[in-house]
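One structure is given here, and the rest of the page talks about it.
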Amino acid sequence: MLKNKHIIAAMLVAPILAIIAYFGVDLAVSEKPHVAKEGESYKLVPGSNCRYTSGICTLENGDFKVKLRSEQLTDNALVIKLISDFPLEGAKISLVQQEGKSATPVDMAVNKEDKKEWFVDLPAPTTEESEIHLVVKADGTLYYAEAPAVFAEYKTLFTEDK
């Protein structure tokens, strides 16, 4: 079978054609990225670190990225710091404790003059299902996100009592 030159040629050409087809289909059917338009709203996607007790939650949509960092967590209060790659015009956040019940959004306070760091004091999450709802405004565009509040507690194998 390996003496047949047609089979050998097919074995060499098939992987090359498969790679060309893969990129060709991606180019033909994938959504083209577009610039955020002023006055529109876009959803921020929570990163995988939002689902675990990592202390940080990364939210992003294309080039726009914000990080929520749990600065201090006590039995009664949670201090969250928002760090953005772009200057923000404003930020509101709320902690939803029970599903189906909405919480009043709280304005975040700017921490630096470049408007890239914001902070807020919230009540501590009481359940595993607690969620953080965030809305930020940059260049006249709104970005919103819903993320689990599990990340607020920073816990690793080194911080657990054994």
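Note on naming: chains are A, B, ... as they come in the structure tokens, residues start from 1 per chain, ligands start from 1 in the order shown.
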Taking the DSSP secondary structure from the backbone, can you list the residues of chain A that are strand (DSSP E), as a PDB file with N, CA, C and O atoms, in the first residue's frame?
ATOM      1  N   SER A  41     -25.112  49.284  24.819  1.00  0.00           N
ATOM      2  CA  SER A  41     -24.678  48.561  26.009  1.00  0.00           C
ATOM      3  C   SER A  41     -24.182  47.179  25.596  1.00  0.00           C
ATOM      4  O   SER A  41     -24.722  46.562  24.681  1.00  0.00           O
ATOM      5  N   TYR A  42     -23.147  46.716  26.288  1.00  0.00           N
ATOM      6  CA  TYR A  42     -22.504  45.452  25.964  1.00  0.00           C
ATOM      7  C   TYR A  42     -22.288  44.644  27.237  1.00  0.00           C
ATOM      8  O   TYR A  42     -21.953  45.190  28.275  1.00  0.00           O
ATOM      9  N   LYS A  43     -22.450  43.329  27.115  1.00  0.00           N
ATOM     10  CA  LYS A  43     -22.283  42.441  28.262  1.00  0.00           C
ATOM     11  C   LYS A  43     -20.814  42.087  28.451  1.00  0.00           C
ATOM     12  O   LYS A  43     -20.108  41.798  27.494  1.00  0.00           O
ATOM     13  N   VAL A  45     -18.207  39.396  30.014  1.00  0.00           N
ATOM     14  CA  VAL A  45     -18.219  37.973  30.314  1.00  0.00           C
ATOM     15  C   VAL A  45     -17.318  37.705  31.516  1.00  0.00           C
ATOM     16  O   VAL A  45     -16.146  38.086  31.511  1.00  0.00           O
ATOM     17  N   PRO A  46     -17.853  37.046  32.561  1.00  0.00           N
ATOM     18  CA  PRO A  46     -17.010  36.716  33.722  1.00  0.00           C
ATOM     19  C   PRO A  46     -15.987  35.645  33.373  1.00  0.00           C
ATOM     20  O   PRO A  46     -16.292  34.684  32.676  1.00  0.00           O
ATOM     21  N   ILE A  56     -10.245  37.546  43.087  1.00  0.00           N
ATOM     22  CA  ILE A  56     -10.296  38.414  41.915  1.00  0.00           C
ATOM     23  C   ILE A  56     -11.298  37.857  40.918  1.00  0.00           C
ATOM     24  O   ILE A  56     -11.388  36.650  40.722  1.00  0.00           O
ATOM     25  N   CYS A  57     -12.041  38.759  40.270  1.00  0.00           N
ATOM     26  CA  CYS A  57     -12.986  38.376  39.217  1.00  0.00           C
ATOM     27  C   CYS A  57     -12.703  39.242  37.999  1.00  0.00           C
ATOM     28  O   CYS A  57     -12.786  40.469  38.071  1.00  0.00           O
ATOM     29  N   THR A  58     -12.359  38.622  36.884  1.00  0.00           N
ATOM     30  CA  THR A  58     -12.057  39.334  35.654  1.00  0.00           C
ATOM     31  C   THR A  58     -13.285  39.324  34.756  1.00  0.00           C
ATOM     32  O   THR A  58     -13.854  38.270  34.487  1.00  0.00           O
ATOM     33  N   LEU A  59     -13.687  40.510  34.289  1.00  0.00           N
ATOM     34  CA  LEU A  59     -14.829  40.658  33.388  1.00  0.00           C
ATOM     35  C   LEU A  59     -14.330  41.316  32.114  1.00  0.00           C
ATOM     36  O   LEU A  59     -13.651  42.338  32.180  1.00  0.00           O
ATOM     37  N   GLU A  60     -14.685  40.740  30.949  1.00  0.00           N
ATOM     38  CA  GLU A  60     -14.166  41.324  29.722  1.00  0.00           C
ATOM     39  C   GLU A  60     -15.116  41.149  28.546  1.00  0.00           C
ATOM     40  O   GLU A  60     -15.943  40.254  28.523  1.00  0.00           O
ATOM     41  N   ASN A  61     -14.944  42.039  27.585  1.00  0.00           N
ATOM     42  CA  ASN A  61     -15.634  41.987  26.304  1.00  0.00           C
ATOM     43  C   ASN A  61     -14.671  42.578  25.277  1.00  0.00           C
ATOM     44  O   ASN A  61     -14.479  43.790  25.225  1.00  0.00           O
ATOM     45  N   PHE A  64     -12.041  45.512  26.145  1.00  0.00           N
ATOM     46  CA  PHE A  64     -12.471  46.165  27.380  1.00  0.00           C
ATOM     47  C   PHE A  64     -12.436  45.144  28.513  1.00  0.00           C
ATOM     48  O   PHE A  64     -13.082  44.103  28.451  1.00  0.00           O
ATOM     49  N   LYS A  65     -11.656  45.449  29.552  1.00  0.00           N
ATOM     50  CA  LYS A  65     -11.497  44.515  30.660  1.00  0.00           C
ATOM     51  C   LYS A  65     -11.517  45.262  31.985  1.00  0.00           C
ATOM     52  O   LYS A  65     -10.902  46.319  32.121  1.00  0.00           O
ATOM     53  N   VAL A  66     -12.251  44.722  32.951  1.00  0.00           N
ATOM     54  CA  VAL A  66     -12.238  45.234  34.321  1.00  0.00           C
ATOM     55  C   VAL A  66     -12.005  44.062  35.264  1.00  0.00           C
ATOM     56  O   VAL A  66     -12.352  42.924  34.962  1.00  0.00           O
ATOM     57  N   LYS A  67     -11.390  44.372  36.414  1.00  0.00           N
ATOM     58  CA  LYS A  67     -11.164  43.364  37.451  1.00  0.00           C
ATOM     59  C   LYS A  67     -11.833  43.830  38.724  1.00  0.00           C
ATOM     60  O   LYS A  67     -11.713  44.990  39.112  1.00  0.00           O
ATOM     61  N   LEU A  68     -12.528  42.919  39.379  1.00  0.00           N
ATOM     62  CA  LEU A  68     -13.069  43.160  40.704  1.00  0.00           C
ATOM     63  C   LEU A  68     -12.170  42.416  41.686  1.00  0.00           C
ATOM     64  O   LEU A  68     -11.943  41.215  41.539  1.00  0.00           O
ATOM     65  N   ARG A  69     -11.658  43.133  42.671  1.00  0.00           N
ATOM     66  CA  ARG A  69     -10.777  42.530  43.662  1.00  0.00           C
ATOM     67  C   ARG A  69     -11.402  42.683  45.040  1.00  0.00           C
ATOM     68  O   ARG A  69     -11.803  43.772  45.434  1.00  0.00           O
ATOM     69  N   SER A  70     -11.474  41.598  45.765  1.00  0.00           N
ATOM     70  CA  SER A  70     -11.968  41.624  47.138  1.00  0.00           C
ATOM     71  C   SER A  70     -10.847  42.117  48.039  1.00  0.00           C
ATOM     72  O   SER A  70      -9.848  41.435  48.239  1.00  0.00           O
ATOM     73  N   GLU A  71     -10.998  43.337  48.556  1.00  0.00           N
ATOM     74  CA  GLU A  71      -9.958  43.933  49.391  1.00  0.00           C
ATOM     75  C   GLU A  71     -10.084  43.503  50.853  1.00  0.00           C
ATOM     76  O   GLU A  71      -9.094  43.301  51.527  1.00  0.00           O
ATOM     77  N   GLN A  72     -11.330  43.417  51.326  1.00  0.00           N
ATOM     78  CA  GLN A  72     -11.542  43.056  52.726  1.00  0.00           C
ATOM     79  C   GLN A  72     -12.904  42.400  52.853  1.00  0.00           C
ATOM     80  O   GLN A  72     -13.899  42.907  52.353  1.00  0.00           O
ATOM     81  N   LEU A  73     -12.961  41.256  53.520  1.00  0.00           N
ATOM     82  CA  LEU A  73     -14.206  40.550  53.746  1.00  0.00           C
ATOM     83  C   LEU A  73     -14.310  40.226  55.228  1.00  0.00           C
ATOM     84  O   LEU A  73     -13.448  39.566  55.790  1.00  0.00           O
ATOM     85  N   ALA A  77     -19.284  43.037  56.210  1.00  0.00           N
ATOM     86  CA  ALA A  77     -18.993  43.939  55.101  1.00  0.00           C
ATOM     87  C   ALA A  77     -17.990  43.336  54.122  1.00  0.00           C
ATOM     88  O   ALA A  77     -17.200  42.458  54.462  1.00  0.00           O
ATOM     89  N   LEU A  78     -18.073  43.853  52.906  1.00  0.00           N
ATOM     90  CA  LEU A  78     -17.179  43.459  51.831  1.00  0.00           C
ATOM     91  C   LEU A  78     -16.710  44.727  51.122  1.00  0.00           C
ATOM     92  O   LEU A  78     -17.524  45.543  50.713  1.00  0.00           O
ATOM     93  N   VAL A  79     -15.404  44.895  51.012  1.00  0.00           N
ATOM     94  CA  VAL A  79     -14.840  46.034  50.295  1.00  0.00           C
ATOM     95  C   VAL A  79     -14.326  45.510  48.961  1.00  0.00           C
ATOM     96  O   VAL A  79     -13.501  44.591  48.923  1.00  0.00           O
ATOM     97  N   ILE A  80     -14.852  46.076  47.874  1.00  0.00           N
ATOM     98  CA  ILE A  80     -14.460  45.658  46.532  1.00  0.00           C
ATOM     99  C   ILE A  80     -13.766  46.803  45.826  1.00  0.00           C
ATOM    100  O   ILE A  80     -14.220  47.942  45.872  1.00  0.00           O
ATOM    101  N   LYS A  81     -12.687  46.480  45.151  1.00  0.00           N
ATOM    102  CA  LYS A  81     -11.946  47.449  44.343  1.00  0.00           C
ATOM    103  C   LYS A  81     -12.099  47.051  42.883  1.00  0.00           C
ATOM    104  O   LYS A  81     -11.914  45.891  42.530  1.00  0.00           O
ATOM    105  N   LEU A  82     -12.456  48.008  42.036  1.00  0.00           N
ATOM    106  CA  LEU A  82     -12.584  47.786  40.605  1.00  0.00           C
ATOM    107  C   LEU A  82     -11.382  48.415  39.916  1.00  0.00           C
ATOM    108  O   LEU A  82     -11.066  49.579  40.164  1.00  0.00           O
ATOM    109  N   ILE A  83     -10.701  47.652  39.073  1.00  0.00           N
ATOM    110  CA  ILE A  83      -9.544  48.139  38.333  1.00  0.00           C
ATOM    111  C   ILE A  83      -9.862  47.994  36.845  1.00  0.00           C
ATOM    112  O   ILE A  83     -10.207  46.907  36.386  1.00  0.00           O
ATOM    113  N   SER A  84      -9.755  49.089  36.112  1.00  0.00           N
ATOM    114  CA  SER A  84     -10.094  49.102  34.695  1.00  0.00           C
ATOM    115  C   SER A  84      -8.876  49.466  33.855  1.00  0.00           C
ATOM    116  O   SER A  84      -7.998  50.208  34.292  1.00  0.00           O
ATOM    117  N   GLY A  90     -18.229  56.331  35.192  1.00  0.00           N
ATOM    118  CA  GLY A  90     -19.000  55.992  36.380  1.00  0.00           C
ATOM    119  C   GLY A  90     -19.107  54.489  36.524  1.00  0.00           C
ATOM    120  O   GLY A  90     -18.878  53.739  35.575  1.00  0.00           O
ATOM    121  N   ALA A  91     -19.472  54.048  37.724  1.00  0.00           N
ATOM    122  CA  ALA A  91     -19.633  52.618  37.996  1.00  0.00           C
ATOM    123  C   ALA A  91     -20.673  52.432  39.083  1.00  0.00           C
ATOM    124  O   ALA A  91     -20.677  53.158  40.077  1.00  0.00           O
ATOM    125  N   LYS A  92     -21.575  51.477  38.874  1.00  0.00           N
ATOM    126  CA  LYS A  92     -22.580  51.110  39.876  1.00  0.00           C
ATOM    127  C   LYS A  92     -22.501  49.612  40.086  1.00  0.00           C
ATOM    128  O   LYS A  92     -22.253  48.855  39.160  1.00  0.00           O
ATOM    129  N   ILE A  93     -22.732  49.210  41.327  1.00  0.00           N
ATOM    130  CA  ILE A  93     -22.638  47.800  41.679  1.00  0.00           C
ATOM    131  C   ILE A  93     -23.721  47.462  42.691  1.00  0.00           C
ATOM    132  O   ILE A  93     -24.149  48.321  43.463  1.00  0.00           O
ATOM    133  N   SER A  94     -24.191  46.221  42.649  1.00  0.00           N
ATOM    134  CA  SER A  94     -25.148  45.767  43.662  1.00  0.00           C
ATOM    135  C   SER A  94     -24.860  44.305  43.975  1.00  0.00           C
ATOM    136  O   SER A  94     -24.339  43.565  43.146  1.00  0.00           O
ATOM    137  N   LEU A  95     -25.195  43.926  45.183  1.00  0.00           N
ATOM    138  CA  LEU A  95     -25.029  42.543  45.632  1.00  0.00           C
ATOM    139  C   LEU A  95     -26.416  41.949  45.808  1.00  0.00           C
ATOM    140  O   LEU A  95     -27.184  42.389  46.666  1.00  0.00           O
ATOM    141  N   VAL A  96     -26.763  40.981  44.981  1.00  0.00           N
ATOM    142  CA  VAL A  96     -28.065  40.326  45.038  1.00  0.00           C
ATOM    143  C   VAL A  96     -27.899  39.075  45.893  1.00  0.00           C
ATOM    144  O   VAL A  96     -27.164  38.163  45.531  1.00  0.00           O
ATOM    145  N   VAL A 106     -25.423  50.668  44.015  1.00  0.00           N
ATOM    146  CA  VAL A 106     -24.658  51.633  44.794  1.00  0.00           C
ATOM    147  C   VAL A 106     -23.601  52.236  43.882  1.00  0.00           C
ATOM    148  O   VAL A 106     -22.942  51.517  43.125  1.00  0.00           O
ATOM    149  N   ASP A 107     -23.431  53.554  43.941  1.00  0.00           N
ATOM    150  CA  ASP A 107     -22.377  54.207  43.169  1.00  0.00           C
ATOM    151  C   ASP A 107     -21.022  53.861  43.760  1.00  0.00           C
ATOM    152  O   ASP A 107     -20.828  53.914  44.974  1.00  0.00           O
ATOM    153  N   ALA A 109     -17.057  54.712  44.325  1.00  0.00           N
ATOM    154  CA  ALA A 109     -16.274  55.949  44.481  1.00  0.00           C
ATOM    155  C   ALA A 109     -14.944  55.790  43.752  1.00  0.00           C
ATOM    156  O   ALA A 109     -14.307  54.738  43.814  1.00  0.00           O
ATOM    157  N   VAL A 110     -14.539  56.859  43.069  1.00  0.00           N
ATOM    158  CA  VAL A 110     -13.278  56.825  42.326  1.00  0.00           C
ATOM    159  C   VAL A 110     -12.124  56.907  43.309  1.00  0.00           C
ATOM    160  O   VAL A 110     -12.173  57.628  44.306  1.00  0.00           O
ATOM    161  N   GLU A 117      -9.398  53.292  38.919  1.00  0.00           N
ATOM    162  CA  GLU A 117      -9.607  52.509  40.139  1.00  0.00           C
ATOM    163  C   GLU A 117     -10.807  53.058  40.896  1.00  0.00           C
ATOM    164  O   GLU A 117     -10.898  54.259  41.131  1.00  0.00           O
ATOM    165  N   TRP A 118     -11.696  52.161  41.275  1.00  0.00           N
ATOM    166  CA  TRP A 118     -12.915  52.517  42.000  1.00  0.00           C
ATOM    167  C   TRP A 118     -13.064  51.551  43.164  1.00  0.00           C
ATOM    168  O   TRP A 118     -12.546  50.439  43.132  1.00  0.00           O
ATOM    169  N   PHE A 119     -13.796  51.969  44.202  1.00  0.00           N
ATOM    170  CA  PHE A 119     -14.022  51.068  45.324  1.00  0.00           C
ATOM    171  C   PHE A 119     -15.409  51.299  45.901  1.00  0.00           C
ATOM    172  O   PHE A 119     -16.046  52.324  45.668  1.00  0.00           O
ATOM    173  N   VAL A 120     -15.871  50.306  46.679  1.00  0.00           N
ATOM    174  CA  VAL A 120     -17.196  50.377  47.288  1.00  0.00           C
ATOM    175  C   VAL A 120     -17.245  49.446  48.499  1.00  0.00           C
ATOM    176  O   VAL A 120     -16.535  48.444  48.557  1.00  0.00           O
ATOM    177  N   ASP A 121     -18.068  49.810  49.474  1.00  0.00           N
ATOM    178  CA  ASP A 121     -18.364  48.948  50.621  1.00  0.00           C
ATOM    179  C   ASP A 121     -19.745  48.347  50.406  1.00  0.00           C
ATOM    180  O   ASP A 121     -20.720  49.075  50.194  1.00  0.00           O
ATOM    181  N   LEU A 122     -19.831  47.036  50.480  1.00  0.00           N
ATOM    182  CA  LEU A 122     -21.095  46.317  50.317  1.00  0.00           C
ATOM    183  C   LEU A 122     -21.319  45.434  51.531  1.00  0.00           C
ATOM    184  O   LEU A 122     -20.375  45.114  52.251  1.00  0.00           O
ATOM    185  N   PRO A 123     -22.560  44.993  51.753  1.00  0.00           N
ATOM    186  CA  PRO A 123     -22.767  43.984  52.792  1.00  0.00           C
ATOM    187  C   PRO A 123     -22.121  42.666  52.359  1.00  0.00           C
ATOM    188  O   PRO A 123     -21.984  42.396  51.167  1.00  0.00           O
ATOM    189  N   GLU A 131     -24.960  37.077  43.998  1.00  0.00           N
ATOM    190  CA  GLU A 131     -24.388  37.558  42.740  1.00  0.00           C
ATOM    191  C   GLU A 131     -24.048  39.028  42.830  1.00  0.00           C
ATOM    192  O   GLU A 131     -24.701  39.784  43.544  1.00  0.00           O
ATOM    193  N   ILE A 132     -23.055  39.419  42.075  1.00  0.00           N
ATOM    194  CA  ILE A 132     -22.694  40.825  41.955  1.00  0.00           C
ATOM    195  C   ILE A 132     -23.133  41.293  40.580  1.00  0.00           C
ATOM    196  O   ILE A 132     -22.822  40.652  39.569  1.00  0.00           O
ATOM    197  N   HIS A 133     -23.890  42.383  40.545  1.00  0.00           N
ATOM    198  CA  HIS A 133     -24.306  43.004  39.289  1.00  0.00           C
ATOM    199  C   HIS A 133     -23.539  44.309  39.159  1.00  0.00           C
ATOM    200  O   HIS A 133     -23.537  45.120  40.077  1.00  0.00           O
ATOM    201  N   LEU A 134     -22.905  44.513  38.015  1.00  0.00           N
ATOM    202  CA  LEU A 134     -22.038  45.667  37.804  1.00  0.00           C
ATOM    203  C   LEU A 134     -22.408  46.358  36.499  1.00  0.00           C
ATOM    204  O   LEU A 134     -22.690  45.696  35.497  1.00  0.00           O
ATOM    205  N   VAL A 135     -22.411  47.691  36.520  1.00  0.00           N
ATOM    206  CA  VAL A 135     -22.578  48.502  35.314  1.00  0.00           C
ATOM    207  C   VAL A 135     -21.509  49.585  35.350  1.00  0.00           C
ATOM    208  O   VAL A 135     -21.367  50.286  36.351  1.00  0.00           O
ATOM    209  N   VAL A 136     -20.731  49.689  34.269  1.00  0.00           N
ATOM    210  CA  VAL A 136     -19.723  50.740  34.152  1.00  0.00           C
ATOM    211  C   VAL A 136     -19.962  51.495  32.852  1.00  0.00           C
ATOM    212  O   VAL A 136     -20.505  50.956  31.893  1.00  0.00           O
ATOM    213  N   LYS A 137     -19.542  52.763  32.853  1.00  0.00           N
ATOM    214  CA  LYS A 137     -19.700  53.601  31.668  1.00  0.00           C
ATOM    215  C   LYS A 137     -18.332  54.128  31.258  1.00  0.00           C
ATOM    216  O   LYS A 137     -17.611  54.697  32.079  1.00  0.00           O
ATOM    217  N   ALA A 138     -17.987  53.925  29.980  1.00  0.00           N
ATOM    218  CA  ALA A 138     -16.728  54.409  29.439  1.00  0.00           C
ATOM    219  C   ALA A 138     -16.980  54.936  28.033  1.00  0.00           C
ATOM    220  O   ALA A 138     -17.567  54.234  27.210  1.00  0.00           O
ATOM    221  N   THR A 141     -20.428  54.556  26.514  1.00  0.00           N
ATOM    222  CA  THR A 141     -20.899  53.190  26.295  1.00  0.00           C
ATOM    223  C   THR A 141     -21.061  52.488  27.633  1.00  0.00           C
ATOM    224  O   THR A 141     -20.214  52.617  28.508  1.00  0.00           O
ATOM    225  N   LEU A 142     -22.160  51.753  27.783  1.00  0.00           N
ATOM    226  CA  LEU A 142     -22.415  51.011  29.014  1.00  0.00           C
ATOM    227  C   LEU A 142     -21.957  49.570  28.868  1.00  0.00           C
ATOM    228  O   LEU A 142     -22.192  48.934  27.837  1.00  0.00           O
ATOM    229  N   TYR A 143     -21.318  49.061  29.909  1.00  0.00           N
ATOM    230  CA  TYR A 143     -20.923  47.659  29.984  1.00  0.00           C
ATOM    231  C   TYR A 143     -21.519  47.103  31.267  1.00  0.00           C
ATOM    232  O   TYR A 143     -21.415  47.713  32.317  1.00  0.00           O
ATOM    233  N   TYR A 144     -22.158  45.930  31.183  1.00  0.00           N
ATOM    234  CA  TYR A 144     -22.806  45.357  32.357  1.00  0.00           C
ATOM    235  C   TYR A 144     -22.389  43.901  32.530  1.00  0.00           C
ATOM    236  O   TYR A 144     -21.994  43.231  31.575  1.00  0.00           O
ATOM    237  N   ALA A 145     -22.475  43.425  33.765  1.00  0.00           N
ATOM    238  CA  ALA A 145     -22.072  42.042  34.053  1.00  0.00           C
ATOM    239  C   ALA A 145     -22.815  41.518  35.266  1.00  0.00           C
ATOM    240  O   ALA A 145     -23.220  42.285  36.147  1.00  0.00           O
ATOM    241  N   GLU A 146     -22.988  40.216  35.282  1.00  0.00           N
ATOM    242  CA  GLU A 146     -23.480  39.479  36.441  1.00  0.00           C
ATOM    243  C   GLU A 146     -22.450  38.407  36.735  1.00  0.00           C
ATOM    244  O   GLU A 146     -22.077  37.644  35.851  1.00  0.00           O
ATOM    245  N   ALA A 147     -21.992  38.363  37.973  1.00  0.00           N
ATOM    246  CA  ALA A 147     -20.967  37.385  38.341  1.00  0.00           C
ATOM    247  C   ALA A 147     -21.277  36.831  39.729  1.00  0.00           C
ATOM    248  O   ALA A 147     -21.797  37.548  40.583  1.00  0.00           O
ATOM    249  N   PRO A 148     -20.963  35.568  39.968  1.00  0.00           N
ATOM    250  CA  PRO A 148     -21.158  35.019  41.307  1.00  0.00           C
ATOM    251  C   PRO A 148     -20.235  35.717  42.306  1.00  0.00           C
ATOM    252  O   PRO A 148     -19.132  36.138  41.966  1.00  0.00           O
TER     253      PRO A 148
END
Practice item. May I have all residues of segment 19-139 of chain A that DSSP, computed from the backbone, assigns to helix (DSSP H, G or I), given as a VMD selection string? Key: chain A and resid 19 to 29 48 to 51
Keeping all heavy atoms for every residue in the selection just given, could you write it to a file as a compact mmCIF listing (two decimals), in the first residue's frame?
# COMPACT_ATOMS: atom_id res chain seq x y z
N ILE A 19 -6.25 21.84 7.23
CA ILE A 19 -5.89 23.10 7.90
C ILE A 19 -6.42 24.30 7.12
O ILE A 19 -6.97 25.24 7.70
CB ILE A 19 -4.36 23.18 8.10
CG1 ILE A 19 -3.92 22.13 9.11
CG2 ILE A 19 -3.93 24.57 8.55
CD1 ILE A 19 -2.43 21.95 9.21
N ILE A 20 -6.28 24.28 5.81
CA ILE A 20 -6.81 25.36 4.97
C ILE A 20 -8.32 25.46 5.12
O ILE A 20 -8.88 26.55 5.23
CB ILE A 20 -6.38 25.17 3.50
CG1 ILE A 20 -4.87 25.36 3.36
CG2 ILE A 20 -7.14 26.12 2.58
CD1 ILE A 20 -4.32 24.98 2.01
N ALA A 21 -9.03 24.32 5.15
CA ALA A 21 -10.48 24.32 5.31
C ALA A 21 -10.89 24.86 6.67
O ALA A 21 -11.87 25.61 6.79
CB ALA A 21 -11.02 22.91 5.11
N TYR A 22 -10.14 24.51 7.72
CA TYR A 22 -10.45 24.98 9.07
C TYR A 22 -10.41 26.51 9.14
O TYR A 22 -11.34 27.16 9.61
CB TYR A 22 -9.45 24.37 10.07
CG TYR A 22 -9.61 24.87 11.48
CD1 TYR A 22 -10.59 24.36 12.31
CD2 TYR A 22 -8.77 25.87 11.98
CE1 TYR A 22 -10.73 24.81 13.61
CE2 TYR A 22 -8.91 26.33 13.28
CZ TYR A 22 -9.88 25.80 14.08
OH TYR A 22 -10.02 26.26 15.36
N PHE A 23 -9.33 27.11 8.65
CA PHE A 23 -9.21 28.56 8.68
C PHE A 23 -10.15 29.23 7.70
O PHE A 23 -10.66 30.33 7.95
CB PHE A 23 -7.76 28.99 8.43
CG PHE A 23 -6.87 28.72 9.59
CD1 PHE A 23 -5.92 27.71 9.55
CD2 PHE A 23 -6.98 29.45 10.76
CE1 PHE A 23 -5.10 27.44 10.63
CE2 PHE A 23 -6.17 29.21 11.85
CZ PHE A 23 -5.22 28.19 11.79
N GLY A 24 -10.42 28.60 6.57
CA GLY A 24 -11.35 29.16 5.59
C GLY A 24 -12.77 29.24 6.13
O GLY A 24 -13.46 30.24 5.95
N VAL A 25 -13.23 28.19 6.79
CA VAL A 25 -14.58 28.20 7.37
C VAL A 25 -14.66 29.23 8.50
O VAL A 25 -15.65 29.96 8.62
CB VAL A 25 -14.96 26.78 7.88
CG1 VAL A 25 -16.22 26.82 8.72
CG2 VAL A 25 -15.14 25.84 6.70
N ASP A 26 -13.64 29.31 9.32
CA ASP A 26 -13.61 30.30 10.39
C ASP A 26 -13.70 31.72 9.83
O ASP A 26 -14.44 32.55 10.33
CB ASP A 26 -12.35 30.15 11.23
CG ASP A 26 -12.30 31.14 12.38
OD1 ASP A 26 -13.28 31.18 13.16
OD2 ASP A 26 -11.30 31.88 12.49
N LEU A 27 -12.98 31.99 8.80
CA LEU A 27 -12.99 33.30 8.16
C LEU A 27 -14.34 33.61 7.54
O LEU A 27 -14.82 34.75 7.60
CB LEU A 27 -11.88 33.38 7.11
CG LEU A 27 -11.67 34.72 6.42
CD1 LEU A 27 -11.17 35.74 7.43
CD2 LEU A 27 -10.68 34.58 5.28
N ALA A 28 -15.00 32.60 6.98
CA ALA A 28 -16.26 32.82 6.28
C ALA A 28 -17.44 33.01 7.24
O ALA A 28 -18.33 33.82 6.96
CB ALA A 28 -16.54 31.65 5.35
N VAL A 29 -17.49 32.29 8.34
CA VAL A 29 -18.69 32.32 9.18
C VAL A 29 -18.54 33.01 10.53
O VAL A 29 -19.52 33.26 11.20
CB VAL A 29 -19.24 30.89 9.42
CG1 VAL A 29 -19.83 30.31 8.19
CG2 VAL A 29 -18.20 30.00 10.03
N SER A 48 -13.12 32.62 34.41
CA SER A 48 -13.24 31.42 35.24
C SER A 48 -12.88 31.68 36.69
O SER A 48 -13.37 31.00 37.59
CB SER A 48 -12.37 30.30 34.67
OG SER A 48 -11.01 30.69 34.70
N ASN A 49 -12.04 32.71 36.96
CA ASN A 49 -11.66 32.99 38.35
C ASN A 49 -12.82 33.55 39.16
O ASN A 49 -12.72 33.65 40.38
CB ASN A 49 -10.45 33.92 38.40
CG ASN A 49 -10.68 35.23 37.70
OD1 ASN A 49 -11.72 35.45 37.06
ND2 ASN A 49 -9.72 36.11 37.79
N CYS A 50 -13.93 33.91 38.53
CA CYS A 50 -15.10 34.42 39.25
C CYS A 50 -15.87 33.30 39.94
O CYS A 50 -16.66 33.56 40.85
CB CYS A 50 -16.04 35.15 38.29
SG CYS A 50 -15.31 36.60 37.52
N ARG A 51 -15.67 32.07 39.52
CA ARG A 51 -16.43 30.94 40.07
C ARG A 51 -15.77 30.32 41.29
O ARG A 51 -16.33 29.41 41.90
CB ARG A 51 -16.60 29.86 39.01
CG ARG A 51 -17.44 30.31 37.85
CD ARG A 51 -17.60 29.19 36.88
NE ARG A 51 -16.31 28.86 36.30
CZ ARG A 51 -16.09 28.68 35.02
NH1 ARG A 51 -17.07 28.75 34.18
NH2 ARG A 51 -14.88 28.39 34.58
Point to revise | Distance in Å - atom CA of Ala124 of chain A versus atom CA of Pro105 of chain A | key: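 Straight-line distance from atom CA of Ala124 of chain A to atom CA of Pro105 of chain A works out to 14.9 Å.
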Review point. Between atom CA of Phe151 of chain A and atom CA of Glu113 of chain A, what is the distance, to one decimal in Å?
Key: 27.2 Å
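Counting from atom CA of Gln98 of chain A, the distance to atom CA of Glu153 of chain A is 18.2 Å.
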